[in-house]
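Engineer: Submitted below is the structure of interest, expressed as structure tokens.
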Amino acid sequence: MSRLGHLFEGPHRSCAVVGVQWGDEGKGKIADILADSADVVARWQGGPNAGHTVCFDGGEYVTHHLPVGVFHAETTNVIGCGCVVDLEALVEEIESLGPAKQGSIVIDPNATVITPWHRLIDAGHDEDEEGEDIVGTTNRGIGPTYASRASRVALRVGDLMRDDAGLMLERLFDWCVSRARADDMTLDPDAFVPPSDVLRHLRGALDELKDHDVRIEPGAPILEASLRTDVADRVLFEGAQGTMLGLRAGNYPYVTSSTPTAAGIAAGCNISPGRVDRTIGVMKAYTTRVGGSDEAFLCGRAMDDYVAEQIRDIGGEYGATTGRPRKVGWLDGPALRYAARVNGFDGVVVTKVDVLAELGRQTDVEHVDFLDDYRSNDAGEEPICTFEPTLDAEALTPGSTRSSPIWTEEVRTMRRRDRAPEPLRAFLDFVAEQMETDVAAVSVGPDREAIAT
Ligand code: GDP
Ligand code: IMO
Ligand code: MG
């Protein structure tokens, strides 16, 4: 049983890991620890935009499509129907893991296929009138693929086996070309390869995946069979991205195109919402985000540039998928309270508290701040204590902050929370109080072992 195996105890045989903030909270690391106690691990949304880092036995591995259960033998890993899949990239992803890949892999035939055209539109689309990057997507084709699915022209993985797959791809090609034209993109024929070539490549990738023992099979029956009372297997749902990047929950338009909140699990796995017993939020002890507007990242505006640079350096805050530097801010109270509300967490895991310890040791920073509210520029308006998706974050300013003393003791070897230095303990109590839930565990380093419960 893993250090977090107790989260599956009692009536709780399924558990979900959800990103609380803007992604990269350390979900991969926490899901990997939980996966040690799970029989099935399923992803319900996203695709190669995710980058989940897992460190063990001196190695560092990054997954994009794959649930982190692949690092555990005897685990079935489901890429659910709510995911978008770049089949060629998935072949590379599996091969990059080498013998570290242990568990078996299933792709739901109802998951949506990312084509090279979707990637091109994604790369060409993301600019405003001044040519400025708006959302700063990962350029993996995520938004255009979900858009084509919503427009009912996308291909599902299972469609690639159909006799009329060529015709379906031609229709998708026309849709992508019209999107590209609408965005004034130059249609380079070398890049906009014809449907027949794309079909050949996609079918080739499917064959390669089958050579790697990947099965194409509906995920729901696997999950439902595991959760039957007479079977009593354990299921872990692994979220990608984070609440504030949710298409509807997040600070639109600086969001991804799927539902990373707990509400998305049932739809993205095609199961009943009642199948999810417990929801655990994963949050960093500070905030980061990649892409999006600087103005809308209010907790970043509340942090001194020097402190942000130090945390970026110490915490290695560069994207696991794109290598881009992440924006850094203090904890964002309105966003945390909101995430707690929309997900209904049964507990949170706080990660990277060791980074703040190092900040305390290496610099003269003496306090950890917490952005308590946002303010409107109109004098006299009430402070905003909870985020709402329709807020015009760019028109707001960071409001009041609260400070608590930073901790400087070495915490990376800490395995029990009751051994935490007093300032860290007070910080965790404060987080629990703000989010009205328990802190289930504290992550004290990148390695699988570095967890205090
Ligand atoms: P994810 O997308 O939520 O899975 O997170 P990422 O893998 O993109 O980013 C988290 C980064 O922080 C990775 O490099 C992890 O190895 C690292 N990490 C996770 N937890 C901790 C922790 O508690 N302390 C430190 N120092 N690093 C951590
Ligand atoms: P994990 O699972 C952090 C961000 C992008 C961009 C916006 C939309 O590793 O936490 P997209 O390519 O999805 O259309 O980009 O969302 N983004 C992430 N940021 N972690 C992620 O995933 C992300 N996936 C997407 O930077 O601002
Ligand atoms: Mg990541």
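In the structure tokens, chains take the letters A, B, ... in the order shown, each chain's residues start at 1, and ligands count up from 1 in the order shown.
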How close does region 114-214 of chain A get to region 319-330 of chain A? List, as JSON lines, each residue of region 114-214 of chain A within 10 Å, its nearest atom pair and the distance in Å to one decimal, counting only C-alpha atoms.
Structural biologist:
{"residue": "A:Thr137", "atom": "CA", "partner": "A:Thr322", "partner_atom": "CA", "distance": 9.7}
{"residue": "A:Thr138", "atom": "CA", "partner": "A:Thr322", "partner_atom": "CA", "distance": 6.6}
{"residue": "A:Asn139", "atom": "CA", "partner": "A:Thr322", "partner_atom": "CA", "distance": 9.0}
{"residue": "A:Arg140", "atom": "CA", "partner": "A:Thr321", "partner_atom": "CA", "distance": 9.7}
Engineer: For the residues in the current selection, export N, CA, C and O atoms as a JSON list (two decimals), in the first residue's frame.
Structural biologist:
[["chain", "number", "residue", "atom", "x", "y", "z"],
["A", 137, "THR", "N", -1.22, 29.00, -26.25],
["A", 137, "THR", "CA", -1.51, 27.57, -26.11],
["A", 137, "THR", "C", -0.22, 26.77, -26.25],
["A", 137, "THR", "O", 0.83, 27.29, -26.61],
["A", 138, "THR", "N", -0.34, 25.48, -26.01],
["A", 138, "THR", "CA", 0.82, 24.60, -26.13],
["A", 138, "THR", "C", 1.07, 24.22, -27.60],
["A", 138, "THR", "O", 2.01, 23.47, -27.88],
["A", 139, "ASN", "N", 0.23, 24.71, -28.50],
["A", 139, "ASN", "CA", 0.36, 24.42, -29.95],
["A", 139, "ASN", "C", 0.29, 22.93, -30.27],
["A", 139, "ASN", "O", 0.88, 22.47, -31.24],
["A", 140, "ARG", "N", -0.43, 22.20, -29.47],
["A", 140, "ARG", "CA", -0.55, 20.76, -29.73],
["A", 140, "ARG", "C", -1.85, 20.44, -30.49],
["A", 140, "ARG", "O", -2.20, 19.28, -30.66]]
Engineer: Can you tell me, as JSON, numbers by chain, what residues are no more than 8 Å from Cys299 (chain A) when counting only C-alpha atoms, ignoring any on the same chain fewer than 3 positions away?
Structural biologist: {"A": [287, 302, 303, 329, 330, 331, 332, 371, 398]}
Engineer: Just the number, please: distance in Å from CA of Ala452 (chain A) to CA of Ile33 (chain A), one decimal.
Structural biologist: 11.9 Å
Engineer: Would you tabulate, counting only C-alpha atoms and all ligand atoms, all residues of chain A that have an atom at most 9 Å from an atom of ligand 2, showing the closest pair of atoms and their distance in Å to one decimal, sorted by chain then ascending number, as JSON lines?
Structural biologist:
{"residue": "A:Gly19", "atom": "CA", "partner": "ligand 2", "partner_atom_place_in_ligand_line": "10 (O)", "distance": 7.0}
{"residue": "A:Gln21", "atom": "CA", "partner": "ligand 2", "partner_atom_place_in_ligand_line": "10 (O)", "distance": 8.9}
{"residue": "A:Trp22", "atom": "CA", "partner": "ligand 2", "partner_atom_place_in_ligand_line": "3 (C)", "distance": 5.8}
{"residue": "A:Gly23", "atom": "CA", "partner": "ligand 2", "partner_atom_place_in_ligand_line": "10 (O)", "distance": 3.3}
{"residue": "A:Asp24", "atom": "CA", "partner": "ligand 2", "partner_atom_place_in_ligand_line": "10 (O)", "distance": 3.8}
{"residue": "A:Glu25", "atom": "CA", "partner": "ligand 2", "partner_atom_place_in_ligand_line": "10 (O)", "distance": 6.5}
{"residue": "A:Gly26", "atom": "CA", "partner": "ligand 2", "partner_atom_place_in_ligand_line": "10 (O)", "distance": 7.6}
{"residue": "A:Lys27", "atom": "CA", "partner": "ligand 2", "partner_atom_place_in_ligand_line": "10 (O)", "distance": 7.1}
{"residue": "A:Gly28", "atom": "CA", "partner": "ligand 2", "partner_atom_place_in_ligand_line": "2 (O)", "distance": 8.0}
{"residue": "A:Gly46", "atom": "CA", "partner": "ligand 2", "partner_atom_place_in_ligand_line": "13 (O)", "distance": 7.2}
{"residue": "A:Gly47", "atom": "CA", "partner": "ligand 2", "partner_atom_place_in_ligand_line": "13 (O)", "distance": 8.2}
{"residue": "A:Pro48", "atom": "CA", "partner": "ligand 2", "partner_atom_place_in_ligand_line": "12 (O)", "distance": 8.2}
{"residue": "A:Asn49", "atom": "CA", "partner": "ligand 2", "partner_atom_place_in_ligand_line": "24 (N)", "distance": 4.6}
{"residue": "A:Ala50", "atom": "CA", "partner": "ligand 2", "partner_atom_place_in_ligand_line": "2 (O)", "distance": 3.6}
{"residue": "A:Gly51", "atom": "CA", "partner": "ligand 2", "partner_atom_place_in_ligand_line": "9 (O)", "distance": 3.8}
{"residue": "A:His52", "atom": "CA", "partner": "ligand 2", "partner_atom_place_in_ligand_line": "9 (O)", "distance": 5.2}
{"residue": "A:Thr53", "atom": "CA", "partner": "ligand 2", "partner_atom_place_in_ligand_line": "9 (O)", "distance": 8.2}
{"residue": "A:Thr63", "atom": "CA", "partner": "ligand 2", "partner_atom_place_in_ligand_line": "9 (O)", "distance": 8.8}
{"residue": "A:His64", "atom": "CA", "partner": "ligand 2", "partner_atom_place_in_ligand_line": "9 (O)", "distance": 7.6}
{"residue": "A:Asp122", "atom": "CA", "partner": "ligand 2", "partner_atom_place_in_ligand_line": "14 (O)", "distance": 7.8}
{"residue": "A:Ile134", "atom": "CA", "partner": "ligand 2", "partner_atom_place_in_ligand_line": "27 (O)", "distance": 8.6}
{"residue": "A:Val135", "atom": "CA", "partner": "ligand 2", "partner_atom_place_in_ligand_line": "27 (O)", "distance": 5.1}
{"residue": "A:Gly136", "atom": "CA", "partner": "ligand 2", "partner_atom_place_in_ligand_line": "27 (O)", "distance": 4.9}
{"residue": "A:Thr137", "atom": "CA", "partner": "ligand 2", "partner_atom_place_in_ligand_line": "15 (O)", "distance": 3.4}
{"residue": "A:Thr138", "atom": "CA", "partner": "ligand 2", "partner_atom_place_in_ligand_line": "12 (O)", "distance": 3.7}
{"residue": "A:Asn139", "atom": "CA", "partner": "ligand 2", "partner_atom_place_in_ligand_line": "12 (O)", "distance": 5.4}
{"residue": "A:Arg140", "atom": "CA", "partner": "ligand 2", "partner_atom_place_in_ligand_line": "12 (O)", "distance": 5.8}
{"residue": "A:Gly141", "atom": "CA", "partner": "ligand 2", "partner_atom_place_in_ligand_line": "12 (O)", "distance": 6.8}
{"residue": "A:Ile142", "atom": "CA", "partner": "ligand 2", "partner_atom_place_in_ligand_line": "14 (O)", "distance": 5.0}
{"residue": "A:Gly143", "atom": "CA", "partner": "ligand 2", "partner_atom_place_in_ligand_line": "14 (O)", "distance": 4.9}
{"residue": "A:Pro144", "atom": "CA", "partner": "ligand 2", "partner_atom_place_in_ligand_line": "14 (O)", "distance": 8.3}
{"residue": "A:Gly239", "atom": "CA", "partner": "ligand 2", "partner_atom_place_in_ligand_line": "2 (O)", "distance": 7.0}
{"residue": "A:Ala240", "atom": "CA", "partner": "ligand 2", "partner_atom_place_in_ligand_line": "2 (O)", "distance": 3.6}
{"residue": "A:Gln241", "atom": "CA", "partner": "ligand 2", "partner_atom_place_in_ligand_line": "10 (O)", "distance": 3.6}
{"residue": "A:Gly242", "atom": "CA", "partner": "ligand 2", "partner_atom_place_in_ligand_line": "10 (O)", "distance": 6.1}
{"residue": "A:Leu245", "atom": "CA", "partner": "ligand 2", "partner_atom_place_in_ligand_line": "16 (O)", "distance": 5.8}
{"residue": "A:Gly246", "atom": "CA", "partner": "ligand 2", "partner_atom_place_in_ligand_line": "16 (O)", "distance": 8.6}
{"residue": "A:Pro253", "atom": "CA", "partner": "ligand 2", "partner_atom_place_in_ligand_line": "8 (C)", "distance": 8.9}
{"residue": "A:Tyr254", "atom": "CA", "partner": "ligand 2", "partner_atom_place_in_ligand_line": "27 (O)", "distance": 5.8}
{"residue": "A:Val255", "atom": "CA", "partner": "ligand 2", "partner_atom_place_in_ligand_line": "7 (C)", "distance": 4.7}
{"residue": "A:Thr256", "atom": "CA", "partner": "ligand 2", "partner_atom_place_in_ligand_line": "8 (C)", "distance": 3.9}
{"residue": "A:Ser257", "atom": "CA", "partner": "ligand 2", "partner_atom_place_in_ligand_line": "14 (O)", "distance": 6.0}
{"residue": "A:Ser258", "atom": "CA", "partner": "ligand 2", "partner_atom_place_in_ligand_line": "13 (O)", "distance": 8.0}
{"residue": "A:Pro260", "atom": "CA", "partner": "ligand 2", "partner_atom_place_in_ligand_line": "2 (O)", "distance": 8.9}
{"residue": "A:Thr288", "atom": "CA", "partner": "ligand 2", "partner_atom_place_in_ligand_line": "3 (C)", "distance": 8.3}
{"residue": "A:Arg289", "atom": "CA", "partner": "ligand 2", "partner_atom_place_in_ligand_line": "19 (N)", "distance": 6.0}
{"residue": "A:Val290", "atom": "CA", "partner": "ligand 2", "partner_atom_place_in_ligand_line": "26 (O)", "distance": 4.4}
{"residue": "A:Gly291", "atom": "CA", "partner": "ligand 2", "partner_atom_place_in_ligand_line": "27 (O)", "distance": 3.9}
{"residue": "A:Gly292", "atom": "CA", "partner": "ligand 2", "partner_atom_place_in_ligand_line": "27 (O)", "distance": 4.9}
{"residue": "A:Ser293", "atom": "CA", "partner": "ligand 2", "partner_atom_place_in_ligand_line": "27 (O)", "distance": 8.7}
{"residue": "A:Gly319", "atom": "CA", "partner": "ligand 2", "partner_atom_place_in_ligand_line": "3 (C)", "distance": 7.1}
{"residue": "A:Ala320", "atom": "CA", "partner": "ligand 2", "partner_atom_place_in_ligand_line": "9 (O)", "distance": 6.7}
{"residue": "A:Thr321", "atom": "CA", "partner": "ligand 2", "partner_atom_place_in_ligand_line": "9 (O)", "distance": 7.1}
{"residue": "A:Thr322", "atom": "CA", "partner": "ligand 2", "partner_atom_place_in_ligand_line": "26 (O)", "distance": 8.5}
{"residue": "A:Arg324", "atom": "CA", "partner": "ligand 2", "partner_atom_place_in_ligand_line": "26 (O)", "distance": 8.6}
{"residue": "A:Arg326", "atom": "CA", "partner": "ligand 2", "partner_atom_place_in_ligand_line": "3 (C)", "distance": 8.5}
Engineer: Per DSSP on the backbone, filter region 158-325 of chain A down to the residues in strand (DSSP E or B) and report them as a PyMOL selection string.
Structural biologist: chain A and resi 215-216+235-238+278-284+287-289+318+325
Engineer: Extract, using only C-alpha atoms, all DNA, RNA and protein residues at most 12 Å from His201 (chain A), discarding same-chain residues fewer than 3 positions from it, and format them as an MDAnalysis selection string.
Structural biologist: chainID A and resid 86:89 91 115:116 160 193:198 204:208
Engineer: List the spatial neighbours of Trp407 (chain A) as a list in words - criterion: any atom at most 7 Å away, only C-alpha atoms, same-chain residues fewer than 6 positions off excluded.
Structural biologist: Ala357, Gly360, Pro421, Pro423 and Leu424 of chain A
Engineer: Keeping all heavy atoms, export the residues of the selection given above as a compact mmCIF listing (two decimals), in the first residue's frame.
Structural biologist:
# COMPACT_ATOMS: atom_id res chain seq x y z
N ALA A 357 10.91 26.79 1.45
CA ALA A 357 11.95 26.67 2.48
C ALA A 357 13.29 27.16 1.92
O ALA A 357 14.03 27.90 2.57
CB ALA A 357 12.06 25.22 2.95
N GLY A 360 13.39 30.80 1.66
CA GLY A 360 13.67 31.39 2.96
C GLY A 360 15.16 31.32 3.30
O GLY A 360 15.70 32.23 3.93
N PRO A 421 7.94 22.15 10.57
CA PRO A 421 8.27 23.34 11.37
C PRO A 421 7.01 24.18 11.61
O PRO A 421 6.11 24.18 10.77
CB PRO A 421 9.29 24.09 10.51
CG PRO A 421 9.26 23.46 9.16
CD PRO A 421 8.67 22.09 9.31
N PRO A 423 6.07 27.34 11.38
CA PRO A 423 5.48 28.27 10.39
C PRO A 423 4.81 27.51 9.24
O PRO A 423 3.78 27.95 8.73
CB PRO A 423 6.69 29.06 9.86
CG PRO A 423 7.78 28.86 10.86
CD PRO A 423 7.53 27.54 11.55
N LEU A 424 5.35 26.36 8.86
CA LEU A 424 4.73 25.56 7.79
C LEU A 424 3.40 24.98 8.27
O LEU A 424 2.41 24.96 7.53
CB LEU A 424 5.69 24.44 7.33
CG LEU A 424 5.12 23.42 6.35
CD1 LEU A 424 4.56 24.08 5.10
CD2 LEU A 424 6.21 22.40 5.94
Engineer: Rounded to one decimal in Å, what is the spacing between CA of Ala42 (chain A) and CA of His212 (chain A)?
Structural biologist: 18.6 Å
Engineer: Using only C-alpha atoms, which of the listed residues (A:Gln434, A:Thr453, A:Thr408, A:Ser403) sits closest to Thr386 (chain A)?
Structural biologist: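 Between A:Gln434, A:Thr453, A:Thr408, A:Ser403, the residue approaching Thr386 (chain A) most closely is A:Gln434.
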Engineer: Point out the residue among A:Leu227, A:Val113, A:Val282, A:Ala340 with the least atom-to-atom distance to ligand 3, counting only C-alpha atoms and all ligand atoms.
Structural biologist: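 Using only C-alpha atoms and all ligand atoms, ligand 3 sits closest to A:Val282.
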Engineer: Do a neighbour search on Asn110 (chain A) at 9 Å with only C-alpha atoms, toss out local chain neighbours closer than 5 positions, and write the hits as a short mmCIF file (atom, residue, chain, number, x, y, z; two decimals) with C-alpha atoms, in the first residue's frame.
Structural biologist:
data_model
loop_
_atom_site.label_atom_id
_atom_site.label_comp_id
_atom_site.auth_asym_id
_atom_site.auth_seq_id
_atom_site.Cartn_x
_atom_site.Cartn_y
_atom_site.Cartn_z
CA GLY A 80 -10.91 8.21 -21.80
CA CYS A 81 -13.37 9.37 -24.45
CA GLY A 82 -13.05 12.99 -23.29
CA CYS A 83 -9.37 13.06 -24.30
CA LEU A 155 -12.68 11.65 -36.31
CA ARG A 156 -12.72 9.45 -33.29
CA VAL A 157 -9.92 6.92 -32.83
CA GLY A 158 -12.32 4.10 -33.70
CA ASP A 159 -13.38 5.88 -36.92
CA GLU A 217 -11.49 -0.50 -26.35
CA PRO A 218 -14.27 1.45 -24.58
#
Engineer: Could you give me, as a PyMOL selection string, each residue of region 74-205 of chain A that DSSP assigns to alpha helix (DSSP H) when run on this structure's backbone?
Structural biologist: chain A and resi 87-97+116-125+142-150+165-182+195-205
Engineer: Between A:Asp294, A:Glu95, A:Asp304, A:Asp32, which is the closest to ligand 1 once you count only C-alpha atoms and all ligand atoms?
Structural biologist: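 Nearest to ligand 1: A:Asp32.
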